[in-house]
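Visitor: I am attaching a structure below and will ask some questions about it afterwards.
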Amino acid sequence: GNHEYDHTSGGANGKDPSGVTTDSGYMPDWGNFGDDSHGECGVPVAKRFTMPATPTTRSNPSNGVFWYSFDYASVHTIGLSSEHDMSEGSDQYEWLLEDLSSVNRTITPWVIVELHRPMYDSQTQWGDTAVGVAMRMEVEEPMRDHKVDLVISGHIHSYTRTCDGLYRSQCPSASSPSGYSGPTYVTVGTAGAELFDTAEYPNHWTAKQLPMVYGYGRVTVQNATAMHFEFVQVANDDSAGAVRDDVWIYRDGR
């Protein structure tokens, strides 16, 4: 995330742990990428944690804690870095395409993508909204094409869940063809930092928003065609452990 990585200097001298060679990391002028790491620049997290590596038989390597994937039971989980370039032709984009193409949906019928910043959120945090729109332009299509089921993010300090089947800001309608049309997007930025109580801008794809509730997400895979997502409240009173939102995600043949 931004608080761990935001790289401000030294990349040109090989000091960026993600391998970016520009001096100040990835900071396009349309985004709100800044100096939230306060000089850590991704070094502590990159040195302290080891994530699964892409098999050497593939053309595009994973990148430590920045982008990687792993299988657990019937779920293939992909971790992306919202703090790095995802545009077509970038290292992360090419790795993502190859990884998505390599998933065996017979062994791992479910695919979950995790990234720090949300691609869809409805709070009036305009700098973050701009980054979300850019990420949609870059990776929403390949995620839809490869039938990603669930996208989980944080960053925005509130809880938001979209409709299932969201693609290019459109939810499926009653007249839409049956079957898969896109993932469900969930923002769970409610682990303990100060919560956001900002206004929600009008949209038709937010299915649930809880702006001032601490909690965590829980995923239960029932079988190859049914997954259950729950938002569980964290509190120091009788509301602790209450399920404040839940949704079943159903998929037929892949």
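The chains in the structure tokens are called A, B, ... from first to last as shown; in each chain the residues are counted from 1, and the ligands are counted from 1 in the order shown.
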Do you know which residues are at most 9 Å from Leu97 (chain A) counting only C-alpha atoms, after dropping those on the same chain fewer than 3 positions away, and could you put them as number ranges by chain?
Guide: A: 92-94, 100-102, 142-143, 146
Visitor: Since we have the selection now, will you write its residues out, keeping N, CA, C and O atoms, as a CSV table (one decimal), in the first residue's frame?
Guide:
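New file result33.csv:
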chain,number,residue,atom,x,y,z
A,92,GLN,N,4.0,-5.4,-14.5
A,92,GLN,CA,2.9,-5.9,-13.7
A,92,GLN,C,1.8,-6.4,-14.5
A,92,GLN,O,1.2,-7.4,-14.3
A,93,TYR,N,1.5,-5.6,-15.6
A,93,TYR,CA,0.4,-6.0,-16.5
A,93,TYR,C,0.7,-7.3,-17.2
A,93,TYR,O,-0.2,-8.2,-17.3
A,94,GLU,N,1.9,-7.4,-17.7
A,94,GLU,CA,2.3,-8.6,-18.5
A,94,GLU,C,2.3,-9.8,-17.5
A,94,GLU,O,1.9,-10.9,-17.9
A,100,LEU,N,-3.2,-14.9,-15.0
A,100,LEU,CA,-4.6,-15.2,-15.2
A,100,LEU,C,-4.8,-16.3,-16.2
A,100,LEU,O,-5.7,-17.2,-16.1
A,101,SER,N,-4.0,-16.3,-17.2
A,101,SER,CA,-4.1,-17.3,-18.3
A,101,SER,C,-3.6,-18.7,-17.8
A,101,SER,O,-4.0,-19.7,-18.4
A,102,SER,N,-2.9,-18.7,-16.7
A,102,SER,CA,-2.3,-20.0,-16.2
A,102,SER,C,-3.2,-20.7,-15.2
A,102,SER,O,-3.0,-21.8,-14.9
A,142,PRO,N,-9.0,-7.3,-18.7
A,142,PRO,CA,-8.5,-8.6,-18.6
A,142,PRO,C,-9.0,-9.4,-17.4
A,142,PRO,O,-9.2,-10.6,-17.4
A,143,MET,N,-9.4,-8.7,-16.3
A,143,MET,CA,-10.0,-9.4,-15.1
A,143,MET,C,-11.3,-9.9,-15.5
A,143,MET,O,-11.7,-11.0,-15.1
A,146,HIS,N,-11.0,-12.9,-17.9
A,146,HIS,CA,-10.5,-14.2,-17.3
A,146,HIS,C,-11.4,-14.5,-16.1
A,146,HIS,O,-11.0,-15.4,-15.3
Visitor: Skip Tyr26 (chain A) itself and residues of its chain fewer than 6 positions away, then list as a PyMOL selection string all residues within 9 Å of it, counting only C-alpha atoms.
Guide: chain A and resi 6-7+20+33+83-85
Visitor: Please write the residues from the selection above to a file, keeping all heavy atoms, as a short mmCIF file (atom, residue, chain, number, x, y, z; two decimals), in the first residue's frame.
Guide:
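Result saved to again_5.cif:
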data_model
loop_
_atom_site.label_atom_id
_atom_site.label_comp_id
_atom_site.auth_asym_id
_atom_site.auth_seq_id
_atom_site.Cartn_x
_atom_site.Cartn_y
_atom_site.Cartn_z
N ASP A 6 5.28 4.15 -0.88
CA ASP A 6 5.53 5.45 -1.52
C ASP A 6 7.01 5.81 -1.55
O ASP A 6 7.61 6.17 -0.55
CB ASP A 6 4.75 6.55 -0.79
CG ASP A 6 3.34 6.70 -1.31
OD1 ASP A 6 3.00 5.99 -2.27
OD2 ASP A 6 2.58 7.51 -0.77
N HIS A 7 7.60 5.67 -2.74
CA HIS A 7 9.04 5.83 -2.91
C HIS A 7 9.32 7.24 -3.40
O HIS A 7 8.78 7.69 -4.40
CB HIS A 7 9.57 4.80 -3.92
CG HIS A 7 11.01 4.46 -3.71
ND1 HIS A 7 12.03 5.27 -4.11
CD2 HIS A 7 11.59 3.40 -3.10
CE1 HIS A 7 13.19 4.71 -3.79
NE2 HIS A 7 12.95 3.57 -3.17
N VAL A 20 11.80 -0.51 -9.59
CA VAL A 20 11.53 0.67 -10.41
C VAL A 20 12.78 1.52 -10.46
O VAL A 20 13.43 1.77 -9.44
CB VAL A 20 10.35 1.49 -9.83
CG1 VAL A 20 10.16 2.79 -10.59
CG2 VAL A 20 9.07 0.66 -9.87
N PHE A 33 -0.38 9.88 -5.62
CA PHE A 33 0.74 9.15 -5.04
C PHE A 33 1.68 10.17 -4.39
O PHE A 33 2.03 11.18 -5.00
CB PHE A 33 1.49 8.37 -6.12
CG PHE A 33 0.61 7.41 -6.87
CD1 PHE A 33 -0.05 7.81 -8.03
CD2 PHE A 33 0.44 6.13 -6.42
CE1 PHE A 33 -0.86 6.93 -8.72
CE2 PHE A 33 -0.37 5.23 -7.11
CZ PHE A 33 -1.03 5.64 -8.26
N GLU A 83 0.31 0.69 -6.26
CA GLU A 83 1.31 1.76 -6.22
C GLU A 83 2.29 1.68 -7.37
O GLU A 83 3.26 2.43 -7.41
CB GLU A 83 2.08 1.71 -4.89
CG GLU A 83 1.20 1.56 -3.66
CD GLU A 83 0.06 2.57 -3.61
OE1 GLU A 83 0.33 3.78 -3.69
OE2 GLU A 83 -1.11 2.14 -3.50
N HIS A 84 2.05 0.75 -8.30
CA HIS A 84 2.94 0.57 -9.45
C HIS A 84 2.15 0.61 -10.75
O HIS A 84 0.92 0.47 -10.76
CB HIS A 84 3.68 -0.77 -9.34
CG HIS A 84 4.72 -0.80 -8.28
ND1 HIS A 84 4.44 -0.99 -6.95
CD2 HIS A 84 6.08 -0.67 -8.36
CE1 HIS A 84 5.56 -0.97 -6.25
NE2 HIS A 84 6.56 -0.77 -7.07
N ASP A 85 2.87 0.76 -11.82
CA ASP A 85 2.29 0.85 -13.16
C ASP A 85 1.56 -0.45 -13.50
O ASP A 85 2.12 -1.54 -13.39
CB ASP A 85 3.41 1.11 -14.16
CG ASP A 85 2.90 1.45 -15.54
OD1 ASP A 85 1.67 1.50 -15.74
OD2 ASP A 85 3.75 1.68 -16.44
#
Visitor: Given the choices A:Gly14, A:Gly1, A:Pro183, A:Pro211, which gets closest to Trp67 (chain A) if the distance is worked out from only C-alpha atoms?
Guide: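 Checking each candidate against Trp67 (chain A), we get A:Gly1 as the closest.
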Visitor: Mind checking which residues fall within 8 Å of Arg244 (chain A), counting only C-alpha atoms, ignoring those fewer than 3 positions away in the same chain, and posting them as number ranges by chain?
Guide: A: 230-233
Visitor: Generate a file of the selected residues that holds N, CA and C atoms, formatted as a short mmCIF file (atom, residue, chain, number, x, y, z; two decimals), in the first residue's frame.
Guide:
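The resulting file, result13.cif, is reproduced below:
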data_model
loop_
_atom_site.label_atom_id
_atom_site.label_comp_id
_atom_site.auth_asym_id
_atom_site.auth_seq_id
_atom_site.Cartn_x
_atom_site.Cartn_y
_atom_site.Cartn_z
N GLU A 230 -18.69 -12.17 4.00
CA GLU A 230 -19.32 -11.52 5.14
C GLU A 230 -18.44 -10.38 5.65
N PHE A 231 -19.07 -9.30 6.07
CA PHE A 231 -18.38 -8.21 6.76
C PHE A 231 -18.75 -8.32 8.23
N VAL A 232 -17.75 -8.58 9.08
CA VAL A 232 -17.96 -8.86 10.49
C VAL A 232 -17.52 -7.66 11.32
N GLN A 233 -18.40 -7.17 12.17
CA GLN A 233 -18.10 -5.99 12.97
C GLN A 233 -17.12 -6.29 14.10
#
Visitor: Return the single residue from A:Ala191, A:Leu115, A:Cys163, A:Ala130 that is closest to Asn32 (chain A), with distances computed using only C-alpha atoms.
Guide: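 Smallest separation from Asn32 (chain A) among the options: A:Ala130.
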Visitor: Taking only C-alpha atoms into account, which of A:Thr8, A:Gln209, A:Thr184, A:Ser69 comes nearest Val247 (chain A)?
Guide: A:Thr184
Visitor: Looking at only C-alpha atoms, which of A:Arg48, A:Arg161, A:Arg168, A:His3 is the one that sits closest to Val139 (chain A)?
Guide: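 Once distances to Val139 (chain A) are computed over only C-alpha atoms, the minimum belongs to A:Arg168.
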Visitor: Just list the residues in region 19-223 of chain A DSSP gives strand (DSSP E) on the backbone, as a PDB file with N, CA and C atoms, in the first residue's frame.
Guide:
ATOM      1  N   TYR A  68       2.212 -10.973  -6.907  1.00  0.00           N
ATOM      2  CA  TYR A  68       2.452 -12.401  -6.690  1.00  0.00           C
ATOM      3  C   TYR A  68       1.111 -13.125  -6.729  1.00  0.00           C
ATOM      4  N   SER A  69       1.138 -14.450  -6.673  1.00  0.00           N
ATOM      5  CA  SER A  69      -0.106 -15.224  -6.606  1.00  0.00           C
ATOM      6  C   SER A  69       0.167 -16.540  -5.890  1.00  0.00           C
ATOM      7  N   PHE A  70      -0.914 -17.167  -5.430  1.00  0.00           N
ATOM      8  CA  PHE A  70      -0.780 -18.477  -4.797  1.00  0.00           C
ATOM      9  C   PHE A  70      -2.129 -19.183  -4.836  1.00  0.00           C
ATOM     10  N   ASP A  71      -2.086 -20.506  -4.716  1.00  0.00           N
ATOM     11  CA  ASP A  71      -3.288 -21.330  -4.630  1.00  0.00           C
ATOM     12  C   ASP A  71      -3.481 -21.779  -3.190  1.00  0.00           C
ATOM     13  N   TYR A  72      -4.706 -21.712  -2.718  1.00  0.00           N
ATOM     14  CA  TYR A  72      -5.050 -22.264  -1.406  1.00  0.00           C
ATOM     15  C   TYR A  72      -6.393 -22.966  -1.554  1.00  0.00           C
ATOM     16  N   VAL A  75      -9.059 -21.882  -4.293  1.00  0.00           N
ATOM     17  CA  VAL A  75      -8.996 -20.458  -4.612  1.00  0.00           C
ATOM     18  C   VAL A  75      -7.603 -20.088  -5.125  1.00  0.00           C
ATOM     19  N   HIS A  76      -7.562 -19.374  -6.234  1.00  0.00           N
ATOM     20  CA  HIS A  76      -6.330 -18.769  -6.731  1.00  0.00           C
ATOM     21  C   HIS A  76      -6.378 -17.286  -6.357  1.00  0.00           C
ATOM     22  N   THR A  77      -5.427 -16.846  -5.541  1.00  0.00           N
ATOM     23  CA  THR A  77      -5.389 -15.459  -5.080  1.00  0.00           C
ATOM     24  C   THR A  77      -4.256 -14.716  -5.754  1.00  0.00           C
ATOM     25  N   ILE A  78      -4.557 -13.532  -6.263  1.00  0.00           N
ATOM     26  CA  ILE A  78      -3.589 -12.680  -6.934  1.00  0.00           C
ATOM     27  C   ILE A  78      -3.424 -11.401  -6.124  1.00  0.00           C
ATOM     28  N   GLY A  79      -2.184 -11.066  -5.784  1.00  0.00           N
ATOM     29  CA  GLY A  79      -1.895  -9.808  -5.124  1.00  0.00           C
ATOM     30  C   GLY A  79      -1.265  -8.841  -6.102  1.00  0.00           C
ATOM     31  N   TRP A 110     -12.180 -20.694  -8.192  1.00  0.00           N
ATOM     32  CA  TRP A 110     -12.384 -19.316  -7.734  1.00  0.00           C
ATOM     33  C   TRP A 110     -11.103 -18.502  -7.883  1.00  0.00           C
ATOM     34  N   VAL A 111     -11.253 -17.266  -8.350  1.00  0.00           N
ATOM     35  CA  VAL A 111     -10.116 -16.345  -8.473  1.00  0.00           C
ATOM     36  C   VAL A 111     -10.451 -15.059  -7.732  1.00  0.00           C
ATOM     37  N   ILE A 112      -9.586 -14.714  -6.783  1.00  0.00           N
ATOM     38  CA  ILE A 112      -9.729 -13.484  -6.002  1.00  0.00           C
ATOM     39  C   ILE A 112      -8.519 -12.603  -6.274  1.00  0.00           C
ATOM     40  N   VAL A 113      -8.755 -11.322  -6.530  1.00  0.00           N
ATOM     41  CA  VAL A 113      -7.681 -10.347  -6.692  1.00  0.00           C
ATOM     42  C   VAL A 113      -7.693  -9.415  -5.483  1.00  0.00           C
ATOM     43  N   GLU A 114      -6.511  -9.179  -4.923  1.00  0.00           N
ATOM     44  CA  GLU A 114      -6.362  -8.259  -3.806  1.00  0.00           C
ATOM     45  C   GLU A 114      -5.404  -7.146  -4.202  1.00  0.00           C
ATOM     46  N   LEU A 150     -13.905 -12.063  -7.356  1.00  0.00           N
ATOM     47  CA  LEU A 150     -13.989 -11.121  -6.248  1.00  0.00           C
ATOM     48  C   LEU A 150     -12.727 -10.282  -6.213  1.00  0.00           C
ATOM     49  N   VAL A 151     -12.890  -8.966  -6.022  1.00  0.00           N
ATOM     50  CA  VAL A 151     -11.764  -8.041  -5.897  1.00  0.00           C
ATOM     51  C   VAL A 151     -11.872  -7.370  -4.525  1.00  0.00           C
ATOM     52  N   ILE A 152     -10.829  -7.511  -3.704  1.00  0.00           N
ATOM     53  CA  ILE A 152     -10.840  -6.997  -2.335  1.00  0.00           C
ATOM     54  C   ILE A 152      -9.768  -5.925  -2.194  1.00  0.00           C
ATOM     55  N   SER A 153     -10.159  -4.783  -1.649  1.00  0.00           N
ATOM     56  CA  SER A 153      -9.245  -3.659  -1.459  1.00  0.00           C
ATOM     57  C   SER A 153      -9.408  -3.070  -0.064  1.00  0.00           C
ATOM     58  N   TYR A 159     -16.439   0.667   4.613  1.00  0.00           N
ATOM     59  CA  TYR A 159     -16.804  -0.589   3.966  1.00  0.00           C
ATOM     60  C   TYR A 159     -17.764  -0.307   2.827  1.00  0.00           C
ATOM     61  N   THR A 160     -17.448  -0.864   1.661  1.00  0.00           N
ATOM     62  CA  THR A 160     -18.318  -0.730   0.496  1.00  0.00           C
ATOM     63  C   THR A 160     -18.317  -2.041  -0.281  1.00  0.00           C
ATOM     64  N   ARG A 161     -19.495  -2.442  -0.744  1.00  0.00           N
ATOM     65  CA  ARG A 161     -19.614  -3.608  -1.627  1.00  0.00           C
ATOM     66  C   ARG A 161     -20.434  -3.217  -2.840  1.00  0.00           C
ATOM     67  N   THR A 162     -19.974  -3.646  -4.015  1.00  0.00           N
ATOM     68  CA  THR A 162     -20.702  -3.359  -5.246  1.00  0.00           C
ATOM     69  C   THR A 162     -21.653  -4.501  -5.582  1.00  0.00           C
ATOM     70  N   THR A 184     -17.454  -9.061  -8.160  1.00  0.00           N
ATOM     71  CA  THR A 184     -17.921  -8.230  -7.061  1.00  0.00           C
ATOM     72  C   THR A 184     -16.698  -7.508  -6.501  1.00  0.00           C
ATOM     73  N   TYR A 185     -16.830  -6.221  -6.211  1.00  0.00           N
ATOM     74  CA  TYR A 185     -15.743  -5.433  -5.645  1.00  0.00           C
ATOM     75  C   TYR A 185     -16.096  -5.066  -4.206  1.00  0.00           C
ATOM     76  N   VAL A 186     -15.149  -5.311  -3.292  1.00  0.00           N
ATOM     77  CA  VAL A 186     -15.370  -5.007  -1.884  1.00  0.00           C
ATOM     78  C   VAL A 186     -14.212  -4.159  -1.368  1.00  0.00           C
ATOM     79  N   THR A 187     -14.530  -3.081  -0.673  1.00  0.00           N
ATOM     80  CA  THR A 187     -13.533  -2.276   0.027  1.00  0.00           C
ATOM     81  C   THR A 187     -13.701  -2.511   1.517  1.00  0.00           C
ATOM     82  N   VAL A 188     -12.642  -3.020   2.159  1.00  0.00           N
ATOM     83  CA  VAL A 188     -12.662  -3.250   3.604  1.00  0.00           C
ATOM     84  C   VAL A 188     -11.458  -2.514   4.191  1.00  0.00           C
ATOM     85  N   THR A 206     -23.241   0.706  -6.103  1.00  0.00           N
ATOM     86  CA  THR A 206     -22.993   0.396  -4.694  1.00  0.00           C
ATOM     87  C   THR A 206     -24.174  -0.384  -4.133  1.00  0.00           C
ATOM     88  N   ALA A 207     -23.896  -1.597  -3.665  1.00  0.00           N
ATOM     89  CA  ALA A 207     -24.950  -2.423  -3.077  1.00  0.00           C
ATOM     90  C   ALA A 207     -25.044  -2.215  -1.571  1.00  0.00           C
ATOM     91  N   LYS A 208     -23.898  -1.891  -0.938  1.00  0.00           N
ATOM     92  CA  LYS A 208     -23.899  -1.690   0.509  1.00  0.00           C
ATOM     93  C   LYS A 208     -22.729  -0.798   0.890  1.00  0.00           C
ATOM     94  N   GLN A 209     -22.995   0.164   1.773  1.00  0.00           N
ATOM     95  CA  GLN A 209     -21.920   0.990   2.319  1.00  0.00           C
ATOM     96  C   GLN A 209     -22.133   1.168   3.814  1.00  0.00           C
ATOM     97  N   LEU A 210     -21.059   0.977   4.577  1.00  0.00           N
ATOM     98  CA  LEU A 210     -21.074   1.179   6.031  1.00  0.00           C
ATOM     99  C   LEU A 210     -19.883   2.075   6.367  1.00  0.00           C
ATOM    100  N   GLY A 215     -14.395  -3.371  11.180  1.00  0.00           N
ATOM    101  CA  GLY A 215     -14.676  -4.767  10.915  1.00  0.00           C
ATOM    102  C   GLY A 215     -13.695  -5.381   9.936  1.00  0.00           C
ATOM    103  N   TYR A 216     -13.953  -6.644   9.594  1.00  0.00           N
ATOM    104  CA  TYR A 216     -13.086  -7.386   8.681  1.00  0.00           C
ATOM    105  C   TYR A 216     -13.946  -8.224   7.751  1.00  0.00           C
ATOM    106  N   GLY A 217     -13.346  -8.649   6.654  1.00  0.00           N
ATOM    107  CA  GLY A 217     -14.048  -9.492   5.698  1.00  0.00           C
ATOM    108  C   GLY A 217     -13.751 -10.963   5.943  1.00  0.00           C
ATOM    109  N   ARG A 218     -14.755 -11.792   5.694  1.00  0.00           N
ATOM    110  CA  ARG A 218     -14.597 -13.238   5.849  1.00  0.00           C
ATOM    111  C   ARG A 218     -15.152 -13.930   4.612  1.00  0.00           C
ATOM    112  N   VAL A 219     -14.314 -14.748   3.999  1.00  0.00           N
ATOM    113  CA  VAL A 219     -14.707 -15.471   2.788  1.00  0.00           C
ATOM    114  C   VAL A 219     -14.825 -16.950   3.115  1.00  0.00           C
ATOM    115  N   THR A 220     -15.956 -17.545   2.774  1.00  0.00           N
ATOM    116  CA  THR A 220     -16.165 -18.983   2.933  1.00  0.00           C
ATOM    117  C   THR A 220     -16.502 -19.566   1.570  1.00  0.00           C
ATOM    118  N   VAL A 221     -15.686 -20.506   1.125  1.00  0.00           N
ATOM    119  CA  VAL A 221     -15.949 -21.181  -0.146  1.00  0.00           C
ATOM    120  C   VAL A 221     -16.768 -22.425   0.148  1.00  0.00           C
TER     121      VAL A 221
END
Visitor: Given only C-alpha atoms as the basis, pick out the residue of A:Cys41, A:Ala199, A:Met227, A:Ala53 nearest to Thr124 (chain A).
Guide: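 Using only C-alpha atoms, Thr124 (chain A) sits closest to A:Ala199.
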Visitor: Given only C-alpha atoms as the basis, pick out the residue of A:Asn63, A:Gln123, A:Asn236, A:Asn104 nearest to Leu80 (chain A).
Guide: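 Closest to Leu80 (chain A), using only C-alpha atoms: A:Asn63.
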Visitor: Using CA of Asp145 (chain A) and CA of Asp252 (chain A) as the two end points, give the distance in Å to one decimal.
Guide: 15.6 Å
Visitor: Identify, on the basis of only C-alpha atoms, every residue whose closest approach to Met137 (chain A) does not exceed 10 Å; exclude the query and any residue fewer than 5 positions from it along the same chain; express the result as a list in words.
Guide: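 Everything that qualifies: Met86, Ser87, Glu88, Met119, Val131, Gly132 and Arg168 of chain A.
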Visitor: With a distance cut-off of 9 Å and only C-alpha atoms, select the neighbouring residues of Val45 (chain A), excluding the residue or stretch itself and same-chain residues fewer than 6 positions from it, and output the selection as number ranges by chain.
Guide: A: 4-5, 65
Visitor: What is the distance between CA of Ser37 (chain A) and CA of Thr22 (chain A), in Å to one decimal?
Guide: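 Those two atoms sit 17.1 Å apart.
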Visitor: DSSP on the backbone, alpha helix (DSSP H) only: what residues of region 32-245 of chain A does that give? Format it as an NGL selection string.
Guide: :A and (43-48 or 91-102 or 126-135 or 141-145)
Visitor: Can you pull out the residues contacting Ser169 (chain A)? Cut-off 10 Å, using only C-alpha atoms, and skip same-chain residues under 2 positions away; I want them as JSON, numbers by chain.
Guide: {"A": [120, 133, 136, 162, 165, 166, 167, 171, 203, 204, 205]}
Visitor: So how many Å separate CA of Ser82 (chain A) and CA of Asp16 (chain A), to one decimal?
Guide: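 Computing it gives 15.8 Å between the two atoms.
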